[in-house]
$ cat entry_13.json   # JSON, C-alpha atoms
[["chain", "number", "residue", "atom", "x", "y", "z"],
["I", 1, "MET", "CA", 116.48, 125.58, 85.59],
["I", 2, "ALA", "CA", 112.76, 125.72, 86.36],
["I", 3, "THR", "CA", 111.21, 128.98, 87.45],
["I", 4, "LEU", "CA", 108.80, 129.36, 90.36],
["I", 5, "GLU", "CA", 105.92, 129.58, 87.89],
["I", 6, "ASP", "CA", 106.83, 126.09, 86.64],
["I", 7, "LEU", "CA", 106.87, 124.55, 90.11],
["I", 8, "ASP", "CA", 103.84, 123.48, 92.13],
["I", 9, "PHE", "CA", 103.11, 120.98, 94.84],
["I", 10, "PRO", "CA", 100.97, 118.04, 93.73],
["I", 11, "LYS", "CA", 97.32, 119.07, 94.12],
["I", 12, "ALA", "CA", 96.32, 115.95, 96.08],
["I", 13, "VAL", "CA", 99.14, 116.40, 98.59],
["I", 14, "LEU", "CA", 98.38, 120.08, 98.97],
["I", 15, "MET", "CA", 94.66, 119.42, 99.52],
["I", 16, "ARG", "CA", 95.40, 116.78, 102.19],
["I", 17, "MET", "CA", 97.66, 119.26, 103.97],
["I", 18, "ILE", "CA", 95.05, 122.02, 103.78],
["I", 19, "LYS", "CA", 92.18, 119.78, 104.91],
["I", 20, "SER", "CA", 94.19, 118.35, 107.79],
["I", 21, "SER", "CA", 94.90, 121.82, 109.14],
["I", 22, "LEU", "CA", 91.35, 123.20, 108.84],
["I", 23, "PRO", "CA", 88.12, 122.24, 110.60],
["I", 24, "ASP", "CA", 85.73, 120.06, 108.60],
["I", 25, "THR", "CA", 83.20, 122.88, 108.47],
["I", 26, "ILE", "CA", 85.52, 125.17, 106.46],
["I", 27, "ALA", "CA", 85.55, 125.15, 102.65],
["I", 28, "ILE", "CA", 88.35, 126.59, 100.53],
["I", 29, "GLN", "CA", 87.88, 128.25, 97.14],
["I", 30, "LYS", "CA", 89.85, 127.19, 94.10],
["I", 31, "GLU", "CA", 91.66, 130.55, 93.99],
["I", 32, "ALA", "CA", 92.59, 130.17, 97.66],
["I", 33, "ARG", "CA", 94.06, 126.71, 96.96],
["I", 34, "SER", "CA", 96.08, 128.23, 94.16],
["I", 35, "ALA", "CA", 97.26, 131.05, 96.45],
["I", 36, "VAL", "CA", 98.31, 128.53, 99.12],
["I", 37, "SER", "CA", 100.13, 126.47, 96.49],
["I", 38, "LYS", "CA", 102.06, 129.43, 95.12],
["I", 39, "SER", "CA", 102.83, 130.68, 98.64],
["I", 40, "ALA", "CA", 104.14, 127.27, 99.65],
["I", 41, "THR", "CA", 106.31, 127.11, 96.53],
["I", 42, "VAL", "CA", 107.76, 130.56, 97.20],
["I", 43, "PHE", "CA", 108.33, 129.75, 100.89],
["I", 44, "VAL", "CA", 110.08, 126.44, 100.18],
["I", 45, "SER", "CA", 112.28, 128.08, 97.55],
["I", 46, "TYR", "CA", 113.14, 130.95, 99.89],
["I", 47, "LEU", "CA", 113.88, 128.60, 102.81],
["I", 48, "ALA", "CA", 116.02, 126.35, 100.59],
["I", 49, "ALA", "CA", 118.03, 129.36, 99.39],
["I", 50, "ALA", "CA", 118.54, 130.54, 102.99],
["I", 51, "ALA", "CA", 119.58, 127.01, 104.06],
["I", 52, "ASN", "CA", 121.98, 126.88, 101.12],
["I", 53, "ASP", "CA", 123.54, 130.14, 102.32],
["I", 54, "CYS", "CA", 124.00, 128.59, 105.77],
["I", 55, "ALA", "CA", 125.66, 125.50, 104.28],
["I", 56, "ARG", "CA", 128.01, 127.58, 102.13],
["I", 57, "THR", "CA", 128.92, 129.69, 105.17],
["I", 58, "ASP", "CA", 130.11, 126.42, 106.75],
["I", 59, "GLY", "CA", 132.01, 125.53, 103.57],
["I", 60, "ARG", "CA", 129.62, 122.77, 102.42],
["I", 61, "LYS", "CA", 127.63, 122.18, 99.27],
["I", 62, "THR", "CA", 125.13, 119.87, 100.98],
["I", 63, "ILE", "CA", 122.23, 121.26, 103.01],
["I", 64, "MET", "CA", 121.91, 119.53, 106.38],
["I", 65, "PRO", "CA", 118.99, 119.70, 108.86],
["I", 66, "ASN", "CA", 120.91, 122.20, 111.02],
["I", 67, "ASP", "CA", 121.16, 124.49, 107.98],
["I", 68, "VAL", "CA", 117.36, 124.44, 107.67],
["I", 69, "TYR", "CA", 116.98, 125.21, 111.39],
["I", 70, "ARG", "CA", 119.40, 128.13, 111.07],
["I", 71, "ALA", "CA", 117.59, 129.33, 107.93],
["I", 72, "LEU", "CA", 114.26, 129.33, 109.78],
["I", 73, "GLU", "CA", 115.86, 131.44, 112.50],
["I", 74, "ALA", "CA", 117.36, 133.76, 109.85],
["I", 75, "VAL", "CA", 113.98, 134.39, 108.21],
["I", 76, "GLY", "CA", 112.30, 135.08, 111.55],
["I", 77, "LEU", "CA", 110.59, 131.73, 112.10],
["I", 78, "ALA", "CA", 112.67, 130.43, 115.01],
["I", 79, "GLU", "CA", 109.50, 129.37, 116.87],
["I", 80, "PHE", "CA", 109.05, 126.53, 114.34],
["I", 81, "VAL", "CA", 112.47, 124.98, 114.98],
["I", 82, "PRO", "CA", 111.63, 122.94, 118.14],
["I", 83, "GLU", "CA", 108.57, 121.33, 116.53],
["I", 84, "LEU", "CA", 110.48, 120.69, 113.31],
["I", 85, "VAL", "CA", 113.25, 118.94, 115.28],
["I", 86, "VAL", "CA", 110.65, 116.69, 116.97],
["I", 87, "GLN", "CA", 108.87, 115.89, 113.69],
["I", 88, "LEU", "CA", 112.12, 115.15, 111.88],
["I", 89, "GLU", "CA", 113.14, 112.75, 114.65],
["I", 90, "LYS", "CA", 109.77, 110.96, 114.44],
["I", 91, "HIS", "CA", 110.13, 110.72, 110.67],
["I", 92, "SER", "CA", 113.66, 109.31, 110.99],
["I", 93, "VAL", "CA", 112.43, 106.64, 113.42],
["I", 94, "LEU", "CA", 109.59, 105.66, 111.08],
["I", 95, "VAL", "CA", 111.93, 105.41, 108.09],
["I", 96, "LYS", "CA", 114.35, 103.28, 110.09],
["I", 97, "GLU", "CA", 111.54, 100.97, 111.26],
["I", 98, "LYS", "CA", 110.26, 100.56, 107.69],
["I", 99, "LYS", "CA", 113.75, 99.68, 106.44],
["I", 100, "GLU", "CA", 114.23, 97.15, 109.23],
["I", 101, "ALA", "CA", 110.82, 95.58, 108.56],
["I", 102, "ALA", "CA", 111.56, 95.36, 104.83],
["I", 103, "ALA", "CA", 114.95, 93.78, 105.52],
["I", 104, "LYS", "CA", 113.34, 91.29, 107.94],
["I", 105, "ASP", "CA", 110.65, 90.37, 105.37],
["I", 106, "LYS", "CA", 113.29, 89.91, 102.68],
["I", 107, "ALA", "CA", 115.39, 87.70, 104.96],
["I", 108, "GLU", "CA", 112.34, 85.59, 105.86],
["I", 109, "LYS", "CA", 111.44, 85.11, 102.19],
["I", 110, "GLU", "CA", 115.02, 84.13, 101.35],
["I", 111, "GLU", "CA", 115.02, 81.69, 104.29],
["I", 112, "GLU", "CA", 111.75, 80.14, 103.05],
["I", 113, "THR", "CA", 113.21, 79.77, 99.56],
["I", 114, "GLU", "CA", 116.37, 78.15, 100.93],
["I", 115, "THR", "CA", 114.29, 75.75, 103.05],
["I", 116, "ASP", "CA", 112.19, 74.80, 100.03],
["I", 117, "ASP", "CA", 115.35, 74.31, 97.96],
["I", 118, "GLU", "CA", 116.75, 71.96, 100.61],
["I", 119, "ARG", "CA", 113.56, 69.90, 100.52],
["I", 120, "GLY", "CA", 113.51, 69.93, 96.74],
["I", 121, "GLU", "CA", 110.18, 71.70, 96.83],
["I", 122, "ALA", "CA", 111.19, 74.92, 95.16],
["I", 123, "VAL", "CA", 108.82, 75.79, 92.38],
["I", 124, "GLU", "CA", 110.31, 77.52, 89.41],
["I", 125, "PRO", "CA", 108.22, 80.12, 87.65],
["I", 126, "VAL", "CA", 106.69, 78.85, 84.43],
["I", 127, "ASP", "CA", 106.57, 80.96, 81.33],
["I", 128, "GLU", "CA", 103.11, 80.41, 79.87],
["I", 129, "ALA", "CA", 104.51, 80.60, 76.34],
["I", 130, "ASP", "CA", 106.65, 77.53, 77.08],
["I", 131, "ALA", "CA", 103.86, 75.56, 78.80],
["I", 132, "GLU", "CA", 102.44, 72.56, 76.95],
["I", 133, "PRO", "CA", 98.69, 72.20, 76.64],
["I", 134, "VAL", "CA", 97.19, 69.66, 79.01],
["I", 135, "GLY", "CA", 95.80, 66.62, 77.29],
["I", 136, "GLU", "CA", 97.74, 65.30, 74.32],
["I", 137, "ALA", "CA", 101.16, 65.87, 75.83],
["I", 138, "ASP", "CA", 100.16, 64.12, 79.06],
["I", 139, "ALA", "CA", 98.40, 61.16, 77.40],
["I", 140, "GLU", "CA", 99.99, 57.71, 77.22],
["I", 141, "PRO", "CA", 101.17, 56.71, 73.73],
["I", 142, "VAL", "CA", 98.54, 54.64, 71.93],
["I", 143, "ASP", "CA", 99.47, 51.30, 70.45],
["I", 144, "GLU", "CA", 98.95, 51.69, 66.70],
["I", 145, "THR", "CA", 97.51, 48.17, 66.25],
["I", 146, "ILE", "CA", 94.77, 48.91, 68.80],
["I", 147, "ALA", "CA", 93.99, 52.16, 67.01],
["I", 148, "GLU", "CA", 93.77, 50.35, 63.66],
["I", 149, "THR", "CA", 91.50, 47.66, 65.10],
["I", 150, "VAL", "CA", 89.19, 50.22, 66.66],
["I", 151, "GLY", "CA", 89.17, 52.17, 63.40],
["I", 152, "GLU", "CA", 88.28, 49.04, 61.37],
["I", 153, "THR", "CA", 85.54, 48.07, 63.82],
["I", 154, "ILE", "CA", 84.00, 51.46, 63.58],
["I", 155, "ALA", "CA", 84.23, 51.42, 59.78],
["I", 156, "GLU", "CA", 82.48, 47.99, 59.59],
["I", 157, "THR", "CA", 79.47, 49.15, 61.56]]

$ encode --input "entry_13.json" --output "C-alpha cells"
Amino acid sequence: MATLEDLDFPKAVLMRMIKSSLPDTIAIQKEARSAVSKSATVFVSYLAAAANDCARTDGRKTIMPNDVYRALEAVGLAEFVPELVVQLEKHSVLVKEKKEAAAKDKAEKEEETETDDERGEAVEPVDEADAEPVGEADAEPVDETIAETVGETIAET
C-alpha cells in the first residue's frame, strides 16, 4: 500500500484549483504549492478514513456520499456539507447529460450506417497494405499483336 509520501495530486490539476481560488494578482511560491499539495493529500486521506469508519458503522464496505457528509461533520467541517451536496448534484446531472449525448451520437451513427447499408453505399475501410497501386492494375489489357507492331515500328525508325 502506498504511503502519503508516495501520493500527490497531479501538478496541473492542483495549479488550476489554486489559481481558480485566488485573485489573478496573487502569486504562489513553489514551496507553498508543495505545502498545499501535501495538505490536500493528508486531508483527502483523513476524510476517506473517516468516511470509511461511517460506512463500517452502517455495516458496509462501500463508501457512499452520505458517509462523506457524515465524515465532514465528524471532523468539524459540517459547514461544507450543503455546498458539497449541491456540487455533487450538479456533477451527477452533467455526467448523466454526457452519457445521454454519447448514447444519442452512437445511435445516430449506427442509424447512418444502417441507412447506407440499405442503399448499398456502405464503404468498407481499406487496409493500405492490401490496396493495389493505381495505374497498371486499372489499365485495360493490351492486345499483344498491337504491342508487337508498335515495337517493330519503333525499332525500324

$ closest_residue --input "entry_13.json" --among "I:Val95, I:Cys54, I:Ala103, I:Ala40" --to "Leu72 (chain I)" --atoms "only C-alpha atoms"
I:Cys54

$ closest_atom_pairs --input "entry_13.json" --of "region 40-77 of chain I" --to "region 81-90 of chain I" --cutoff "8 Å" --atoms "only C-alpha atoms" --output "JSON lines"
{"residue": "I:Tyr69", "atom": "CA", "partner": "I:Val81", "partner_atom": "CA", "distance": 5.8}
{"residue": "I:Leu72", "atom": "CA", "partner": "I:Val81", "partner_atom": "CA", "distance": 7.0}
{"residue": "I:Glu73", "atom": "CA", "partner": "I:Val81", "partner_atom": "CA", "distance": 7.7}
{"residue": "I:Leu77", "atom": "CA", "partner": "I:Val81", "partner_atom": "CA", "distance": 7.6}

$ write_last_selection --input "entry_13.json" --atoms "C-alpha atoms" --output "compact mmCIF listing (two decimals), in the coordinates of the input"
# COMPACT_ATOMS: atom_id res chain seq x y z
CA TYR I 69 116.98 125.21 111.39
CA LEU I 72 114.26 129.33 109.78
CA GLU I 73 115.86 131.44 112.50
CA LEU I 77 110.59 131.73 112.10

$ axis_aligned_box --input "entry_13.json" --around "region 66-73 of chain I" --padding-each-side "5 Å" --output "lines of an AutoDock Vina configuration file"
center_x = 117.7
center_y = 126.8
center_z = 110.1
size_x = 16.9
size_y = 19.2
size_z = 14.8

$ closest_residue --input "entry_13.json" --among "I:Ser39, I:Val68, I:Glu97, I:Asp105" --to "Asn52 (chain I)" --atoms "all atoms listed in the file"
I:Val68

$ atom_distance --input "entry_13.json" --atom1 "CA of Ser20 (chain I)" --atom2 "CA of Lys98 (chain I)"
24.0 Å

$ atom_distance --input "entry_13.json" --atom1 "CA of Asn66 (chain I)" --atom2 "CA of Ala51 (chain I)"
8.6 Å

$ decode --input "entry_13.json" --residues "region 46-58 of chain I" --atoms "all heavy atoms" --output "PDB file, in the first residue's frame"
ATOM      1  N   TYR I  46      -7.429  11.582   5.298  1.00  0.00           N
ATOM      2  CA  TYR I  46      -8.108  11.649   6.580  1.00  0.00           C
ATOM      3  C   TYR I  46      -9.629  11.575   6.399  1.00  0.00           C
ATOM      4  O   TYR I  46     -10.319  10.825   7.098  1.00  0.00           O
ATOM      5  CB  TYR I  46      -7.709  12.946   7.297  1.00  0.00           C
ATOM      6  CG  TYR I  46      -8.310  13.122   8.664  1.00  0.00           C
ATOM      7  CD1 TYR I  46      -8.000  12.249   9.713  1.00  0.00           C
ATOM      8  CD2 TYR I  46      -9.175  14.176   8.916  1.00  0.00           C
ATOM      9  CE1 TYR I  46      -8.555  12.421  10.978  1.00  0.00           C
ATOM     10  CE2 TYR I  46      -9.728  14.356  10.178  1.00  0.00           C
ATOM     11  CZ  TYR I  46      -9.412  13.483  11.202  1.00  0.00           C
ATOM     12  OH  TYR I  46      -9.953  13.652  12.441  1.00  0.00           O
ATOM     13  N   LEU I  47     -10.151  12.319   5.420  1.00  0.00           N
ATOM     14  CA  LEU I  47     -11.590  12.311   5.156  1.00  0.00           C
ATOM     15  C   LEU I  47     -12.045  10.936   4.665  1.00  0.00           C
ATOM     16  O   LEU I  47     -13.104  10.443   5.081  1.00  0.00           O
ATOM     17  CB  LEU I  47     -11.953  13.392   4.138  1.00  0.00           C
ATOM     18  CG  LEU I  47     -13.434  13.570   3.844  1.00  0.00           C
ATOM     19  CD1 LEU I  47     -14.187  13.991   5.119  1.00  0.00           C
ATOM     20  CD2 LEU I  47     -13.635  14.600   2.746  1.00  0.00           C
ATOM     21  N   ALA I  48     -11.252  10.302   3.813  1.00  0.00           N
ATOM     22  CA  ALA I  48     -11.602   8.963   3.322  1.00  0.00           C
ATOM     23  C   ALA I  48     -11.633   7.954   4.465  1.00  0.00           C
ATOM     24  O   ALA I  48     -12.527   7.097   4.523  1.00  0.00           O
ATOM     25  CB  ALA I  48     -10.615   8.519   2.241  1.00  0.00           C
ATOM     26  N   ALA I  49     -10.667   8.064   5.389  1.00  0.00           N
ATOM     27  CA  ALA I  49     -10.651   7.151   6.539  1.00  0.00           C
ATOM     28  C   ALA I  49     -11.876   7.380   7.429  1.00  0.00           C
ATOM     29  O   ALA I  49     -12.505   6.415   7.893  1.00  0.00           O
ATOM     30  CB  ALA I  49      -9.367   7.344   7.342  1.00  0.00           C
ATOM     31  N   ALA I  50     -12.232   8.653   7.637  1.00  0.00           N
ATOM     32  CA  ALA I  50     -13.413   8.958   8.453  1.00  0.00           C
ATOM     33  C   ALA I  50     -14.688   8.465   7.760  1.00  0.00           C
ATOM     34  O   ALA I  50     -15.589   7.923   8.411  1.00  0.00           O
ATOM     35  CB  ALA I  50     -13.493  10.460   8.723  1.00  0.00           C
ATOM     36  N   ALA I  51     -14.778   8.635   6.436  1.00  0.00           N
ATOM     37  CA  ALA I  51     -15.941   8.149   5.687  1.00  0.00           C
ATOM     38  C   ALA I  51     -16.007   6.626   5.730  1.00  0.00           C
ATOM     39  O   ALA I  51     -17.096   6.042   5.812  1.00  0.00           O
ATOM     40  CB  ALA I  51     -15.889   8.648   4.243  1.00  0.00           C
ATOM     41  N   ASN I  52     -14.863   5.977   5.672  1.00  0.00           N
ATOM     42  CA  ASN I  52     -14.810   4.521   5.780  1.00  0.00           C
ATOM     43  C   ASN I  52     -15.341   4.069   7.140  1.00  0.00           C
ATOM     44  O   ASN I  52     -16.085   3.084   7.232  1.00  0.00           O
ATOM     45  CB  ASN I  52     -13.382   4.021   5.567  1.00  0.00           C
ATOM     46  CG  ASN I  52     -13.299   2.517   5.549  1.00  0.00           C
ATOM     47  OD1 ASN I  52     -14.091   1.844   4.899  1.00  0.00           O
ATOM     48  ND2 ASN I  52     -12.343   1.984   6.279  1.00  0.00           N
ATOM     49  N   ASP I  53     -14.962   4.782   8.191  1.00  0.00           N
ATOM     50  CA  ASP I  53     -15.486   4.466   9.530  1.00  0.00           C
ATOM     51  C   ASP I  53     -17.005   4.583   9.553  1.00  0.00           C
ATOM     52  O   ASP I  53     -17.695   3.734  10.145  1.00  0.00           O
ATOM     53  CB  ASP I  53     -14.866   5.385  10.587  1.00  0.00           C
ATOM     54  CG  ASP I  53     -13.391   5.113  10.817  1.00  0.00           C
ATOM     55  OD1 ASP I  53     -12.906   4.027  10.407  1.00  0.00           O
ATOM     56  OD2 ASP I  53     -12.717   5.996  11.401  1.00  0.00           O
ATOM     57  N   CYS I  54     -17.541   5.610   8.916  1.00  0.00           N
ATOM     58  CA  CYS I  54     -19.002   5.791   8.861  1.00  0.00           C
ATOM     59  C   CYS I  54     -19.665   4.636   8.111  1.00  0.00           C
ATOM     60  O   CYS I  54     -20.713   4.135   8.537  1.00  0.00           O
ATOM     61  CB  CYS I  54     -19.355   7.126   8.198  1.00  0.00           C
ATOM     62  SG  CYS I  54     -18.870   8.574   9.154  1.00  0.00           S
ATOM     63  N   ALA I  55     -19.068   4.220   7.009  1.00  0.00           N
ATOM     64  CA  ALA I  55     -19.628   3.108   6.229  1.00  0.00           C
ATOM     65  C   ALA I  55     -19.597   1.818   7.036  1.00  0.00           C
ATOM     66  O   ALA I  55     -20.586   1.070   7.063  1.00  0.00           O
ATOM     67  CB  ALA I  55     -18.855   2.937   4.920  1.00  0.00           C
ATOM     68  N   ARG I  56     -18.502   1.551   7.706  1.00  0.00           N
ATOM     69  CA  ARG I  56     -18.391   0.326   8.514  1.00  0.00           C
ATOM     70  C   ARG I  56     -19.362   0.341   9.685  1.00  0.00           C
ATOM     71  O   ARG I  56     -19.879  -0.709  10.061  1.00  0.00           O
ATOM     72  CB  ARG I  56     -16.962   0.140   8.998  1.00  0.00           C
ATOM     73  CG  ARG I  56     -16.057  -0.278   7.857  1.00  0.00           C
ATOM     74  CD  ARG I  56     -14.652  -0.538   8.337  1.00  0.00           C
ATOM     75  NE  ARG I  56     -13.841  -0.906   7.198  1.00  0.00           N
ATOM     76  CZ  ARG I  56     -13.111  -2.008   7.158  1.00  0.00           C
ATOM     77  NH1 ARG I  56     -13.082  -2.832   8.168  1.00  0.00           N
ATOM     78  NH2 ARG I  56     -12.407  -2.272   6.090  1.00  0.00           N
ATOM     79  N   THR I  57     -19.607   1.529  10.240  1.00  0.00           N
ATOM     80  CA  THR I  57     -20.591   1.647  11.323  1.00  0.00           C
ATOM     81  C   THR I  57     -21.963   1.190  10.830  1.00  0.00           C
ATOM     82  O   THR I  57     -22.729   0.578  11.571  1.00  0.00           O
ATOM     83  CB  THR I  57     -20.673   3.110  11.823  1.00  0.00           C
ATOM     84  OG1 THR I  57     -19.392   3.484  12.326  1.00  0.00           O
ATOM     85  CG2 THR I  57     -21.718   3.275  12.905  1.00  0.00           C
ATOM     86  N   ASP I  58     -22.255   1.465   9.540  1.00  0.00           N
ATOM     87  CA  ASP I  58     -23.524   1.047   8.941  1.00  0.00           C
ATOM     88  C   ASP I  58     -23.453  -0.365   8.373  1.00  0.00           C
ATOM     89  O   ASP I  58     -24.397  -0.816   7.717  1.00  0.00           O
ATOM     90  CB  ASP I  58     -23.932   2.025   7.833  1.00  0.00           C
ATOM     91  CG  ASP I  58     -24.345   3.379   8.379  1.00  0.00           C
ATOM     92  OD1 ASP I  58     -24.582   3.495   9.605  1.00  0.00           O
ATOM     93  OD2 ASP I  58     -24.438   4.335   7.574  1.00  0.00           O
TER      94      ASP I  58
END
